[in-house]
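First the structure, in the form of structure tokens, and then the observations on it.
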Amino acid sequence: MIKLISANWKMNLTPSQTESYLERFLPLVKDVTDREVLLCPPFPSLCVAQRMLEGSNVRLGAQNCFYEKKGAFTGEVSIDMLKELGVFYVIVGHSERRWIFGESDELINKKLTACIETGLRPILCVGERIEEREAGLTLKVVETQLRIALSGLEAYTDSIDIAYEPVWAIGTGNPATPEDAQFVHAFIKDLLSQINPERKGNTRILYGGSVNPSNAGQFMSMGDVDGLLVGSSSLDPDSFAHIVKSF
Ligand code: PGA
């Protein structure tokens, strides 16, 4: 299973900044073939990124999508629109979508279903908040999020990737320990085997939350960490290239 190193730029980098970023970044990673490299820019930067990534070894992803095909959904973006821009992956259920924009597990399930029906590969984000962690509820929270998100999709677990992102570790400079990540990732894989006994093991479990160039290698050395989802440290092309090549 090839590892996946993904950048989540969030609401950062305009189209012209995306162009400068890629001019610097693409030469730095052009020889990387033993892992998949993914960039998830904001919607307005997808077009310029698509043009610049053509023929490169870097793939394009989006940070969100809507589940309906088209119609009166002001402000939303459909999966077909994203596919036409060369988007291959989409992040679904990021904690900022859940906690700032009120996305529920049920909504996330609808988005995942639409992605699987249309062949866009979702990266489903799950993770506990600090008070849940302190109450010893990490595994229970992750299990509930996964079971609802995957309801009706039990046979398709090989068509998605999952990012374990503890909410308290996102953007705080306070990452989980590699051992904590490994523990939850192993739990998620066991759970996937219960949900889909036929699964072939193509679901990569990424870790996200304050990954930086100095800790990326430690996470990647864990047996069940199959990739990374990187926010702040992906905004600088040198720092993200360092992470991509750091193990
Ligand atoms: P961070 O964000 O690397 O800035 O902690 C990760 C994410 O939210 O995906």
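Residues in the structure tokens are numbered from 1 in each chain, the chains being A, B, ... in the order shown, and ligands are numbered from 1 in the order shown.
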Next on the checklist: So that I can see what lies close to A:His185, please list as number ranges by chain the residues with an atom at most 8 Å from it, counting only C-alpha atoms and leaving out residues fewer than 5 positions away in the same chain.
Outcome noted: A: 164, 205, 224-225
Take the selection from the previous step and output its residues with C-alpha atoms, as a PDB file, in the first residue's frame.
ATOM      1  CA  TYR A 164      -7.349  10.347  12.460  1.00  0.00           C
ATOM      2  CA  ILE A 205      -5.179   5.637   7.908  1.00  0.00           C
ATOM      3  CA  ASP A 224      -0.350   1.542  11.131  1.00  0.00           C
ATOM      4  CA  VAL A 225       0.313   5.141  10.118  1.00  0.00           C
TER       5      VAL A 225
END
Item to check | Surrounding residues as a list in words, ligand 1, max 7 Å, only C-alpha atoms and all ligand atoms | outcome: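 The residues near ligand 1 are Asn8, Glu165, Ala169, Ile170, Gly171, Thr172, Gly173, Gly208, Gly209, Ser210, Val211, Leu229, Val230, Gly231, Ser232 and Ser233 of chain A.
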Could those residues be written to a file, using N, CA, C and O atoms, as an mmCIF file, in the first residue's frame?
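Below is the file that was written, result-v6.cif:
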data_model
loop_
_atom_site.group_PDB
_atom_site.id
_atom_site.type_symbol
_atom_site.label_atom_id
_atom_site.label_comp_id
_atom_site.auth_asym_id
_atom_site.auth_seq_id
_atom_site.Cartn_x
_atom_site.Cartn_y
_atom_site.Cartn_z
ATOM 1 N N ASN A 8 -3.369 20.003 3.535
ATOM 2 C CA ASN A 8 -4.673 20.654 3.653
ATOM 3 C C ASN A 8 -4.404 22.138 3.891
ATOM 4 O O ASN A 8 -4.052 22.533 4.998
ATOM 5 N N GLU A 165 -7.576 12.619 13.240
ATOM 6 C CA GLU A 165 -7.102 13.947 13.620
ATOM 7 C C GLU A 165 -7.724 14.341 14.958
ATOM 8 O O GLU A 165 -8.857 14.860 14.989
ATOM 9 N N ALA A 169 -5.270 18.439 18.793
ATOM 10 C CA ALA A 169 -3.908 18.472 18.219
ATOM 11 C C ALA A 169 -3.840 19.338 16.969
ATOM 12 O O ALA A 169 -2.752 19.633 16.467
ATOM 13 N N ILE A 170 -5.008 19.753 16.454
ATOM 14 C CA ILE A 170 -5.027 20.483 15.178
ATOM 15 C C ILE A 170 -4.673 21.942 15.384
ATOM 16 O O ILE A 170 -5.336 22.650 16.149
ATOM 17 N N GLY A 171 -3.613 22.370 14.719
ATOM 18 C CA GLY A 171 -3.226 23.772 14.743
ATOM 19 C C GLY A 171 -2.767 24.272 16.104
ATOM 20 O O GLY A 171 -2.758 25.471 16.355
ATOM 21 N N THR A 172 -2.404 23.367 17.000
ATOM 22 C CA THR A 172 -2.047 23.782 18.358
ATOM 23 C C THR A 172 -0.553 23.654 18.625
ATOM 24 O O THR A 172 -0.079 24.124 19.660
ATOM 25 N N GLY A 173 0.174 22.995 17.748
ATOM 26 C CA GLY A 173 1.585 22.722 18.027
ATOM 27 C C GLY A 173 1.749 21.651 19.094
ATOM 28 O O GLY A 173 2.831 21.423 19.622
ATOM 29 N N GLY A 208 -3.232 13.261 11.399
ATOM 30 C CA GLY A 208 -3.173 14.710 11.228
ATOM 31 C C GLY A 208 -3.296 15.413 12.566
ATOM 32 O O GLY A 208 -4.020 14.951 13.461
ATOM 33 N N GLY A 209 -2.613 16.547 12.692
ATOM 34 C CA GLY A 209 -2.656 17.332 13.929
ATOM 35 C C GLY A 209 -1.248 17.723 14.329
ATOM 36 O O GLY A 209 -0.524 16.912 14.912
ATOM 37 N N SER A 210 -0.850 18.970 13.955
ATOM 38 C CA SER A 210 0.471 19.507 14.310
ATOM 39 C C SER A 210 1.639 18.656 13.806
ATOM 40 O O SER A 210 2.667 18.537 14.484
ATOM 41 N N VAL A 211 1.471 18.075 12.615
ATOM 42 C CA VAL A 211 2.614 17.405 11.970
ATOM 43 C C VAL A 211 3.549 18.490 11.457
ATOM 44 O O VAL A 211 3.103 19.498 10.901
ATOM 45 N N LEU A 229 -1.858 13.981 7.133
ATOM 46 C CA LEU A 229 -2.660 15.107 6.633
ATOM 47 C C LEU A 229 -2.116 16.340 7.357
ATOM 48 O O LEU A 229 -2.189 16.428 8.586
ATOM 49 N N VAL A 230 -1.545 17.250 6.587
ATOM 50 C CA VAL A 230 -0.741 18.325 7.169
ATOM 51 C C VAL A 230 -1.382 19.678 6.879
ATOM 52 O O VAL A 230 -1.623 20.007 5.711
ATOM 53 N N GLY A 231 -1.649 20.452 7.915
ATOM 54 C CA GLY A 231 -2.216 21.793 7.749
ATOM 55 C C GLY A 231 -1.128 22.851 7.694
ATOM 56 O O GLY A 231 -0.477 23.045 6.668
ATOM 57 N N SER A 232 -0.908 23.531 8.828
ATOM 58 C CA SER A 232 0.013 24.690 8.869
ATOM 59 C C SER A 232 1.358 24.439 8.197
ATOM 60 O O SER A 232 1.847 25.285 7.449
ATOM 61 N N SER A 233 1.959 23.290 8.472
ATOM 62 C CA SER A 233 3.302 23.041 7.927
ATOM 63 C C SER A 233 3.299 22.737 6.434
ATOM 64 O O SER A 233 4.356 22.550 5.847
#
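Here atom CA of A:Pro237 is placed at a distance of 12.7 Å from atom CA of A:Leu38.
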Checklist entry - Could you name the residues that touch A:Gly227 at 8 Å or less, counting only C-alpha atoms, but leaving out those on the same chain fewer than 4 positions away, as a VMD selection string? => result chain A and resid 3 to 6 204 to 207 220
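Closest approach to A:Thr177 among A:Ile243, A:Val141, A:Ala216, A:Cys47: A:Ala216, based on only C-alpha atoms.
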Next on the checklist: I need the residue nearest A:Leu150 from this list: A:Ala135, A:Leu22, A:Val184, A:Ile108. Use only C-alpha atoms for the distance.
Outcome noted: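 Among A:Ala135, A:Leu22, A:Val184, A:Ile108, it is A:Ile108 that comes nearest to A:Leu150.
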